[in-house]
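What follows is query.cif (mmCIF, C-alpha atoms).
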data_upload
loop_
_atom_site.group_PDB
_atom_site.id
_atom_site.type_symbol
_atom_site.label_atom_id
_atom_site.label_comp_id
_atom_site.auth_asym_id
_atom_site.auth_seq_id
_atom_site.Cartn_x
_atom_site.Cartn_y
_atom_site.Cartn_z
ATOM 1 C CA MET A 30 -83.215 12.588 21.801
ATOM 2 C CA LYS A 31 -85.348 9.518 22.505
ATOM 3 C CA ILE A 32 -89.039 9.674 21.600
ATOM 4 C CA LEU A 33 -91.712 7.064 22.266
ATOM 5 C CA PHE A 34 -94.113 6.729 19.328
ATOM 6 C CA TYR A 35 -97.585 5.692 20.541
ATOM 7 C CA GLY A 36 -100.255 3.977 18.445
ATOM 8 C CA THR A 37 -97.997 3.090 15.537
ATOM 9 C CA LYS A 38 -99.239 1.332 12.417
ATOM 10 C CA ASN A 39 -97.080 -0.192 9.706
ATOM 11 C CA TYR A 40 -97.485 2.853 7.480
ATOM 12 C CA ASP A 41 -96.457 5.240 10.291
ATOM 13 C CA GLU A 42 -93.210 3.437 10.950
ATOM 14 C CA GLN A 43 -92.493 3.114 7.232
ATOM 15 C CA PHE A 44 -92.641 6.855 6.558
ATOM 16 C CA PHE A 45 -90.777 7.878 9.727
ATOM 17 C CA GLN A 46 -88.004 5.295 9.344
ATOM 18 C CA LYS A 47 -87.413 6.494 5.796
ATOM 19 C CA LEU A 48 -86.682 10.038 6.990
ATOM 20 C CA LEU A 49 -84.968 9.385 10.342
ATOM 21 C CA PRO A 50 -81.427 9.127 8.885
ATOM 22 C CA GLU A 51 -81.719 12.799 7.915
ATOM 23 C CA TYR A 52 -82.183 13.750 11.593
ATOM 24 C CA PRO A 53 -79.144 12.569 13.583
ATOM 25 C CA GLY A 54 -79.588 12.611 17.329
ATOM 26 C CA ILE A 55 -83.262 11.699 17.176
ATOM 27 C CA SER A 56 -84.456 8.134 17.747
ATOM 28 C CA PHE A 57 -87.977 6.693 17.851
ATOM 29 C CA GLN A 58 -89.308 3.633 19.633
ATOM 30 C CA PHE A 59 -92.517 2.489 17.918
ATOM 31 C CA ILE A 60 -95.227 0.729 19.936
ATOM 32 C CA GLU A 61 -98.730 -0.301 18.884
ATOM 33 C CA ALA A 62 -100.345 0.658 22.192
ATOM 34 C CA ASN A 63 -102.117 3.997 22.136
ATOM 35 C CA LEU A 64 -101.527 6.682 24.736
ATOM 36 C CA CYS A 65 -103.843 6.514 27.755
ATOM 37 C CA PRO A 66 -103.431 6.504 31.563
ATOM 38 C CA GLU A 67 -102.511 2.807 31.523
ATOM 39 C CA THR A 68 -99.786 3.160 28.874
ATOM 40 C CA ALA A 69 -98.414 6.590 29.802
ATOM 41 C CA PRO A 70 -95.873 5.095 32.282
ATOM 42 C CA LEU A 71 -94.161 3.402 29.331
ATOM 43 C CA SER A 72 -92.712 6.831 28.502
ATOM 44 C CA SER A 73 -90.277 6.614 31.399
ATOM 45 C CA GLY A 74 -86.756 6.995 30.056
ATOM 46 C CA TYR A 75 -87.804 9.050 27.050
ATOM 47 C CA GLU A 76 -87.628 12.817 26.556
ATOM 48 C CA GLY A 77 -90.647 13.090 24.304
ATOM 49 C CA ILE A 78 -93.664 11.201 23.057
ATOM 50 C CA CYS A 79 -95.416 11.210 19.680
ATOM 51 C CA ALA A 80 -99.194 10.785 19.528
ATOM 52 C CA PHE A 81 -102.113 11.056 17.141
ATOM 53 C CA VAL A 82 -105.571 12.568 17.218
ATOM 54 C CA ASN A 83 -107.122 9.483 18.853
ATOM 55 C CA ALA A 84 -104.795 9.484 21.887
ATOM 56 C CA ASP A 85 -105.911 10.375 25.422
ATOM 57 C CA ILE A 86 -103.730 13.296 26.503
ATOM 58 C CA GLY A 87 -105.915 14.623 29.282
ATOM 59 C CA THR A 88 -104.912 15.882 32.719
ATOM 60 C CA SER A 89 -104.138 12.497 34.256
ATOM 61 C CA VAL A 90 -101.972 11.454 31.300
ATOM 62 C CA ILE A 91 -100.069 14.761 31.329
ATOM 63 C CA GLU A 92 -99.331 14.300 35.035
ATOM 64 C CA ILE A 93 -97.969 10.796 34.421
ATOM 65 C CA LEU A 94 -95.879 11.973 31.468
ATOM 66 C CA SER A 95 -94.414 14.744 33.612
ATOM 67 C CA ARG A 96 -93.450 12.307 36.360
ATOM 68 C CA CYS A 97 -91.785 10.162 33.686
ATOM 69 C CA GLY A 98 -89.619 13.099 32.608
ATOM 70 C CA ILE A 99 -91.391 13.923 29.333
ATOM 71 C CA ARG A 100 -90.649 17.449 28.111
ATOM 72 C CA LEU A 101 -92.149 17.279 24.602
ATOM 73 C CA ILE A 102 -95.418 16.084 23.078
ATOM 74 C CA LEU A 103 -95.293 15.722 19.309
ATOM 75 C CA MET A 104 -98.736 15.614 17.727
ATOM 76 C CA ARG A 105 -98.470 14.056 14.268
ATOM 77 C CA CYS A 106 -101.694 15.776 13.221
ATOM 78 C CA ALA A 107 -103.198 19.248 13.015
ATOM 79 C CA GLY A 108 -105.831 18.826 15.734
ATOM 80 C CA TYR A 109 -105.026 19.082 19.424
ATOM 81 C CA ASN A 110 -108.433 19.173 21.121
ATOM 82 C CA ASN A 111 -107.529 15.900 22.865
ATOM 83 C CA VAL A 112 -104.619 17.585 24.685
ATOM 84 C CA ASP A 113 -105.005 19.335 28.052
ATOM 85 C CA LEU A 114 -102.889 22.321 27.092
ATOM 86 C CA ALA A 115 -103.270 24.048 30.446
ATOM 87 C CA SER A 116 -101.924 20.996 32.264
ATOM 88 C CA ALA A 117 -99.079 20.645 29.746
ATOM 89 C CA HIS A 118 -98.132 24.297 30.342
ATOM 90 C CA THR A 119 -98.267 23.810 34.110
ATOM 91 C CA HIS A 120 -95.869 20.872 33.840
ATOM 92 C CA HIS A 121 -93.581 22.734 31.387
ATOM 93 C CA ILE A 122 -94.229 20.269 28.562
ATOM 94 C CA LYS A 123 -94.068 21.689 25.047
ATOM 95 C CA VAL A 124 -96.796 20.639 22.586
ATOM 96 C CA LEU A 125 -95.980 20.786 18.872
ATOM 97 C CA ARG A 126 -98.239 19.831 15.982
ATOM 98 C CA VAL A 127 -98.336 19.460 12.196
ATOM 99 C CA PRO A 128 -100.529 22.379 11.107
ATOM 100 C CA GLY A 129 -100.725 21.651 7.374
ATOM 101 C CA TYR A 130 -99.695 18.201 6.219
ATOM 102 C CA SER A 131 -101.789 18.139 3.030
ATOM 103 C CA PRO A 132 -104.893 20.292 2.809
ATOM 104 C CA GLU A 133 -105.641 18.846 -0.615
ATOM 105 C CA ALA A 134 -105.704 15.279 0.746
ATOM 106 C CA VAL A 135 -108.528 16.057 3.177
ATOM 107 C CA ALA A 136 -110.386 18.305 0.735
ATOM 108 C CA GLU A 137 -110.261 15.690 -2.013
ATOM 109 C CA HIS A 138 -111.626 13.101 0.408
ATOM 110 C CA ALA A 139 -114.402 15.505 1.401
ATOM 111 C CA MET A 140 -115.434 15.816 -2.238
ATOM 112 C CA ALA A 141 -115.127 12.048 -2.679
ATOM 113 C CA LEU A 142 -117.537 11.588 0.231
ATOM 114 C CA ALA A 143 -119.915 14.162 -1.224
ATOM 115 C CA LEU A 144 -119.887 12.473 -4.631
ATOM 116 C CA THR A 145 -120.176 8.966 -3.198
ATOM 117 C CA ALA A 146 -123.067 9.860 -0.914
ATOM 118 C CA ASN A 147 -124.776 11.804 -3.713
ATOM 119 C CA ARG A 148 -124.378 9.300 -6.553
ATOM 120 C CA HIS A 149 -124.473 6.152 -4.353
ATOM 121 C CA THR A 150 -121.325 4.771 -5.965
ATOM 122 C CA HIS A 151 -120.641 2.576 -2.919
ATOM 123 C CA LYS A 152 -124.048 0.931 -3.341
ATOM 124 C CA ALA A 153 -123.663 0.660 -7.125
ATOM 125 C CA TYR A 154 -120.331 -1.133 -6.713
ATOM 126 C CA ILE A 155 -121.864 -3.752 -4.423
ATOM 127 C CA LYS A 156 -124.905 -4.210 -6.665
ATOM 128 C CA CYS A 157 -122.800 -4.710 -9.787
ATOM 129 C CA ARG A 158 -120.636 -7.296 -8.027
ATOM 130 C CA GLU A 159 -123.845 -9.263 -7.505
ATOM 131 C CA ASN A 160 -124.801 -8.895 -11.186
ATOM 132 C CA ASN A 161 -127.523 -6.403 -10.303
ATOM 133 C CA PHE A 162 -127.360 -3.624 -12.882
ATOM 134 C CA ALA A 163 -130.689 -1.976 -12.026
ATOM 135 C CA LEU A 164 -130.614 1.759 -11.311
ATOM 136 C CA ASN A 165 -133.114 1.674 -8.460
ATOM 137 C CA GLY A 166 -131.929 3.767 -5.507
ATOM 138 C CA LEU A 167 -128.957 5.264 -7.342
ATOM 139 C CA MET A 168 -130.309 8.635 -8.512
ATOM 140 C CA GLY A 169 -128.265 11.674 -7.515
ATOM 141 C CA VAL A 170 -128.242 15.397 -8.257
ATOM 142 C CA ASN A 171 -125.905 17.622 -10.284
ATOM 143 C CA PHE A 172 -123.366 19.718 -8.394
ATOM 144 C CA TYR A 173 -122.960 22.022 -11.401
ATOM 145 C CA HIS A 174 -124.560 25.439 -10.734
ATOM 146 C CA LYS A 175 -125.445 24.416 -7.163
ATOM 147 C CA THR A 176 -124.242 26.318 -4.072
ATOM 148 C CA ALA A 177 -121.445 24.942 -1.911
ATOM 149 C CA GLY A 178 -121.195 26.257 1.641
ATOM 150 C CA ILE A 179 -117.755 25.957 3.260
ATOM 151 C CA ILE A 180 -117.673 26.356 7.053
ATOM 152 C CA GLY A 181 -114.104 27.226 7.965
ATOM 153 C CA THR A 182 -111.683 28.656 5.421
ATOM 154 C CA GLY A 183 -108.333 27.496 6.646
ATOM 155 C CA LYS A 184 -106.046 25.665 4.246
ATOM 156 C CA ILE A 185 -108.348 22.628 3.957
ATOM 157 C CA GLY A 186 -111.506 24.691 3.616
ATOM 158 C CA LEU A 187 -109.935 26.784 0.861
ATOM 159 C CA ALA A 188 -108.774 23.642 -0.952
ATOM 160 C CA MET A 189 -112.348 22.324 -0.808
ATOM 161 C CA ALA A 190 -113.669 25.681 -2.039
ATOM 162 C CA ARG A 191 -111.383 25.508 -5.085
ATOM 163 C CA ILE A 192 -112.558 21.972 -5.850
ATOM 164 C CA CYS A 193 -116.188 23.068 -5.650
ATOM 165 C CA GLN A 194 -115.421 26.018 -7.921
ATOM 166 C CA GLY A 195 -113.924 23.564 -10.398
ATOM 167 C CA PHE A 196 -117.214 21.684 -10.416
ATOM 168 C CA GLY A 197 -118.931 24.866 -11.544
ATOM 169 C CA MET A 198 -120.505 25.531 -8.174
ATOM 170 C CA ARG A 199 -121.202 28.876 -6.564
ATOM 171 C CA VAL A 200 -119.056 28.921 -3.420
ATOM 172 C CA ILE A 201 -120.023 30.741 -0.226
ATOM 173 C CA ALA A 202 -118.219 30.501 3.096
ATOM 174 C CA TYR A 203 -118.417 31.297 6.784
ATOM 175 C CA ASP A 204 -115.407 31.927 8.993
ATOM 176 C CA LEU A 205 -114.827 33.921 12.168
ATOM 177 C CA TYR A 206 -111.809 35.494 10.461
ATOM 178 C CA PRO A 207 -112.716 35.924 6.773
ATOM 179 C CA ASP A 208 -110.062 36.624 4.169
ATOM 180 C CA LYS A 209 -111.610 39.402 2.122
ATOM 181 C CA LYS A 210 -108.933 39.140 -0.584
ATOM 182 C CA LEU A 211 -110.263 35.822 -1.903
ATOM 183 C CA ASP A 212 -112.087 36.161 -5.204
ATOM 184 C CA PHE A 213 -113.383 32.599 -5.719
ATOM 185 C CA LEU A 214 -115.816 32.595 -2.801
ATOM 186 C CA THR A 215 -118.184 34.955 -1.022
ATOM 187 C CA TYR A 216 -118.313 35.246 2.752
ATOM 188 C CA VAL A 217 -121.784 35.220 4.290
ATOM 189 C CA SER A 218 -123.291 34.817 7.745
ATOM 190 C CA LEU A 219 -123.680 31.299 9.125
ATOM 191 C CA ASP A 220 -127.468 31.553 8.885
ATOM 192 C CA GLU A 221 -127.288 32.564 5.220
ATOM 193 C CA LEU A 222 -124.875 29.743 4.460
ATOM 194 C CA LEU A 223 -127.131 27.189 6.146
ATOM 195 C CA SER A 224 -130.235 28.363 4.314
ATOM 196 C CA SER A 225 -128.619 28.822 0.885
ATOM 197 C CA SER A 226 -126.265 25.855 0.471
ATOM 198 C CA ASP A 227 -126.983 22.668 -1.464
ATOM 199 C CA LEU A 228 -123.725 21.162 -0.192
ATOM 200 C CA ILE A 229 -122.313 22.013 3.251
ATOM 201 C CA SER A 230 -118.770 20.926 4.085
ATOM 202 C CA LEU A 231 -117.278 21.372 7.578
ATOM 203 C CA HIS A 232 -113.630 22.448 7.839
ATOM 204 C CA CYS A 233 -113.214 24.073 11.254
ATOM 205 C CA PRO A 234 -111.487 23.032 14.487
ATOM 206 C CA LEU A 235 -113.389 21.637 17.459
ATOM 207 C CA THR A 236 -113.630 24.300 20.165
ATOM 208 C CA GLU A 237 -116.152 25.254 22.826
ATOM 209 C CA GLN A 238 -117.725 27.578 20.265
ATOM 210 C CA THR A 239 -117.943 25.016 17.453
ATOM 211 C CA HIS A 240 -118.942 21.989 19.546
ATOM 212 C CA HIS A 241 -122.287 20.726 18.195
ATOM 213 C CA MET A 242 -122.556 23.643 15.795
ATOM 214 C CA ILE A 243 -124.629 21.283 13.650
ATOM 215 C CA ARG A 244 -127.617 20.513 15.858
ATOM 216 C CA GLN A 245 -131.410 20.666 15.660
ATOM 217 C CA GLU A 246 -131.482 24.470 15.599
ATOM 218 C CA THR A 247 -129.000 24.795 12.723
ATOM 219 C CA ILE A 248 -130.289 21.738 10.859
ATOM 220 C CA GLU A 249 -133.748 23.322 10.747
ATOM 221 C CA LYS A 250 -132.231 26.352 8.967
ATOM 222 C CA MET A 251 -130.805 24.188 6.160
ATOM 223 C CA LYS A 252 -132.432 23.603 2.806
ATOM 224 C CA ASP A 253 -134.496 20.466 2.451
ATOM 225 C CA GLY A 254 -132.425 17.974 0.490
ATOM 226 C CA VAL A 255 -129.061 19.391 1.571
ATOM 227 C CA ILE A 256 -125.880 17.295 1.368
ATOM 228 C CA LEU A 257 -123.702 17.460 4.508
ATOM 229 C CA VAL A 258 -120.041 16.410 4.699
ATOM 230 C CA ASN A 259 -117.769 16.352 7.750
ATOM 231 C CA THR A 260 -114.047 15.591 7.495
ATOM 232 C CA SER A 261 -112.986 17.756 10.471
ATOM 233 C CA ARG A 262 -114.043 16.629 13.944
ATOM 234 C CA GLY A 263 -116.958 14.449 15.005
ATOM 235 C CA GLY A 264 -117.929 16.786 17.824
ATOM 236 C CA LEU A 265 -118.967 19.489 15.357
ATOM 237 C CA ILE A 266 -122.186 17.521 14.846
ATOM 238 C CA LYS A 267 -124.664 16.458 17.521
ATOM 239 C CA THR A 268 -125.213 12.942 16.250
ATOM 240 C CA SER A 269 -128.643 12.390 17.781
ATOM 241 C CA ASP A 270 -129.944 15.529 16.062
ATOM 242 C CA LEU A 271 -128.320 14.470 12.777
ATOM 243 C CA ILE A 272 -130.077 11.104 12.986
ATOM 244 C CA ALA A 273 -133.387 12.853 13.665
ATOM 245 C CA GLY A 274 -132.817 15.088 10.636
ATOM 246 C CA ILE A 275 -132.044 12.095 8.418
ATOM 247 C CA ARG A 276 -135.225 10.369 9.581
ATOM 248 C CA ASP A 277 -137.180 13.534 8.801
ATOM 249 C CA HIS A 278 -135.762 13.455 5.213
ATOM 250 C CA LYS A 279 -133.954 16.764 5.724
ATOM 251 C CA PHE A 280 -130.788 15.487 4.032
ATOM 252 C CA PHE A 281 -130.386 14.189 0.507
ATOM 253 C CA ALA A 282 -127.088 12.616 1.557
ATOM 254 C CA VAL A 283 -124.556 12.683 4.392
ATOM 255 C CA GLY A 284 -120.830 11.873 4.162
ATOM 256 C CA LEU A 285 -118.862 11.417 7.390
ATOM 257 C CA ASP A 286 -115.166 10.719 7.838
ATOM 258 C CA VAL A 287 -115.388 11.601 11.541
ATOM 259 C CA TYR A 288 -118.053 11.001 14.189
ATOM 260 C CA GLU A 289 -118.482 11.570 17.891
ATOM 261 C CA GLU A 290 -117.876 8.000 19.076
ATOM 262 C CA GLU A 291 -114.826 7.244 16.962
ATOM 263 C CA THR A 292 -112.102 7.718 19.585
ATOM 264 C CA ALA A 293 -112.476 4.283 21.160
ATOM 265 C CA PHE A 294 -112.248 2.304 17.932
ATOM 266 C CA VAL A 295 -110.871 4.448 15.125
ATOM 267 C CA TYR A 296 -108.175 2.626 13.098
ATOM 268 C CA GLU A 297 -109.017 -0.679 14.807
ATOM 269 C CA ASP A 298 -110.426 -3.847 13.228
ATOM 270 C CA LEU A 299 -113.551 -4.589 15.255
ATOM 271 C CA SER A 300 -115.257 -6.707 12.611
ATOM 272 C CA GLU A 301 -115.585 -9.660 14.984
ATOM 273 C CA ARG A 302 -116.812 -7.668 17.968
ATOM 274 C CA ILE A 303 -120.167 -6.293 19.060
ATOM 275 C CA LEU A 304 -119.914 -2.537 19.558
ATOM 276 C CA GLN A 305 -121.261 -1.266 22.855
ATOM 277 C CA SER A 306 -122.951 1.749 21.244
ATOM 278 C CA SER A 307 -125.518 1.660 18.477
ATOM 279 C CA THR A 308 -124.945 5.169 17.088
ATOM 280 C CA ILE A 309 -122.615 4.113 14.270
ATOM 281 C CA GLN A 310 -124.902 1.214 13.353
ATOM 282 C CA ARG A 311 -127.867 3.571 13.174
ATOM 283 C CA LEU A 312 -125.967 5.913 10.859
ATOM 284 C CA LEU A 313 -124.846 3.008 8.657
ATOM 285 C CA SER A 314 -128.422 1.765 8.421
ATOM 286 C CA PHE A 315 -129.494 4.803 6.392
ATOM 287 C CA PRO A 316 -129.213 4.358 2.603
ATOM 288 C CA ASN A 317 -128.126 7.978 2.071
ATOM 289 C CA VAL A 318 -125.239 7.971 4.568
ATOM 290 C CA THR A 319 -121.626 7.184 3.662
ATOM 291 C CA ILE A 320 -119.058 6.672 6.430
ATOM 292 C CA THR A 321 -115.289 6.245 6.240
ATOM 293 C CA SER A 322 -112.740 5.679 9.011
ATOM 294 C CA HIS A 323 -111.075 9.061 9.565
ATOM 295 C CA GLN A 324 -108.955 8.572 6.460
ATOM 296 C CA GLY A 325 -109.065 12.037 4.942
ATOM 297 C CA PHE A 326 -105.347 12.492 5.637
ATOM 298 C CA PHE A 327 -104.386 9.072 4.305
ATOM 299 C CA THR A 328 -102.291 9.736 1.204
ATOM 300 C CA GLU A 329 -98.600 9.137 0.541
ATOM 301 C CA GLU A 330 -97.966 12.858 0.232
ATOM 302 C CA ALA A 331 -99.721 13.659 3.521
ATOM 303 C CA LEU A 332 -97.948 10.906 5.462
ATOM 304 C CA THR A 333 -94.602 12.088 4.126
ATOM 305 C CA ASN A 334 -95.374 15.655 5.189
ATOM 306 C CA ILE A 335 -96.540 14.500 8.632
ATOM 307 C CA ALA A 336 -93.315 12.568 9.237
ATOM 308 C CA GLU A 337 -91.122 15.374 7.938
ATOM 309 C CA THR A 338 -92.781 18.136 9.955
ATOM 310 C CA THR A 339 -92.876 16.017 13.119
ATOM 311 C CA LEU A 340 -89.151 15.323 12.808
ATOM 312 C CA GLN A 341 -88.451 19.005 12.134
ATOM 313 C CA ASN A 342 -90.409 19.876 15.280
ATOM 314 C CA ALA A 343 -88.359 17.405 17.312
ATOM 315 C CA GLN A 344 -85.115 18.754 15.869
ATOM 316 C CA ALA A 345 -86.064 22.358 16.639
ATOM 317 C CA PHE A 346 -86.841 21.417 20.260
ATOM 318 C CA MET A 347 -83.622 19.423 20.609
ATOM 319 C CA ASN A 348 -81.504 22.275 19.222
ATOM 320 C CA GLY A 349 -83.242 25.013 21.202
ATOM 321 C CA GLU A 350 -84.533 26.690 18.033
ATOM 322 C CA GLU A 351 -87.753 28.606 17.480
ATOM 323 C CA LEU A 352 -90.764 26.306 17.850
ATOM 324 C CA LYS A 353 -92.850 27.486 14.914
ATOM 325 C CA ASN A 354 -95.524 24.811 15.382
ATOM 326 C CA GLU A 355 -95.953 25.100 19.128
ATOM 327 C CA VAL A 356 -99.504 25.017 20.482
ATOM 328 C CA THR A 357 -99.828 27.503 23.318
ATOM 329 C CA GLY A 358 -103.570 27.534 23.927
#
Any chance you could put this one into structure tokens?
Amino acid sequence: MKILFYGTKNYDEQFFQKLLPEYPGISFQFIEANLCPETAPLSSGYEGICAFVNADIGTSVIEILSRCGIRLILMRCAGYNNVDLASAHTHHIKVLRVPGYSPEAVAEHAMALALTANRHTHKAYIKCRENNFALNGLMGVNFYHKTAGIIGTGKIGLAMARICQGFGMRVIAYDLYPDKKLDFLTYVSLDELLSSSDLISLHCPLTEQTHHMIRQETIEKMKDGVILVNTSRGGLIKTSDLIAGIRDHKFFAVGLDVYEEETAFVYEDLSERILQSSTIQRLLSFPNVTITSHQGFFTEEALTNIAETTLQNAQAFMNGEELKNEVTG
């Protein structure tokens, strides 16, 4: 089975090539170009394609892939909001994903963002490199005995909840489908979580219901001086309202690994270019905001799991086995 691997980086190819010998009958062609309407025709001659969260897999791309004979879309990530599932179903293209590559990797990065934004370690590092050892602008707050609010208690959200518990925090959570058997957190309503939490961490998928769940209305319900972290999807937060809240001193700190405008430039080196939008620059201009480049998943363990599960998905499709990780809608 021949699969075209879109948007490859050196680390992607490294982890996949290491495991490929264990999956006879499956071959990958790695290309740096990402999947979009202009590059979709390159899939001609392949049976499947492999794409990431930043690929364009909308209606027009699905139609091109179908004409090229593609029968399988392998998402090497958990999210699939960038895939037109209805169109894929119409064209009889299976969509498989990696539902749980390493919950701990993302949760640990979420806490790293929270700690960095809170204690200004990124600023302290730069100051010390310039022989400036003054403490001005570096004061943070204790997490111990504070309340952590976890929105979304899937595998990543639960991993984050356990980390917060380890810090001696009281952990509350909101989820549409709460697991009442958990004894290290307490489920509450979204309004109660917003008004009670000192740290709010987002761990839910991007859907019509969750799009812009953090907006002016919900920001106003938060405590003054709250710390907000997002390692899930940029669309969970309405960026213009977040910026307004930061300017109004609503937030003590904000840590973002994802943001609304990231799709066009995530994982790209644009250091010598002028970005066409000023939103990211405005966020970076605030002294209490820490931003990283959608790297929550980026650990050796997670990349190994992503490659292994993606190859298992391809093998199951090739052999006509049960597709445990199929996305149906």
I'd like to know which of A:Gly36, A:Gly197, A:Pro50, A:Gly183 is closest to Leu340 in chain A, using only C-alpha atoms.
A:Pro50
Could you state which residues are captured by the PyMOL selection byres ((chain A and resi 62-74) around 10) in this file, as number ranges by chain?
A: 31-38, 59-61, 75-81, 83-99
Enumerate, as a PyMOL selection string, the residues matched when the PyMOL selection byres ((chain A and resi 149-158) around 10) is run on the file above.
chain A and resi 142-148+159-169+282+316-319
Within 6 Å of range 114-136 of chain A, which residues of range 273-334 of chain A come that close, and what is the closest atom pair and distance in Å for each? Count only C-alpha atoms and give it as a Markdown table.
| residue | atom | partner | partner_atom | distance |
| --- | --- | --- | --- | --- |
| A:Gly325 | CA | A:Val135 | CA | 4.4 |
| A:Phe326 | CA | A:Val135 | CA | 5.4 |
| A:Ala331 | CA | A:Ser131 | CA | 5.0 |
| A:Asn334 | CA | A:Tyr130 | CA | 5.1 |
Can you tell me how far CA of Phe327 in chain A sits from CA of Tyr40 in chain A, in Å to one decimal?
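These two atoms are separated by 9.8 Å.
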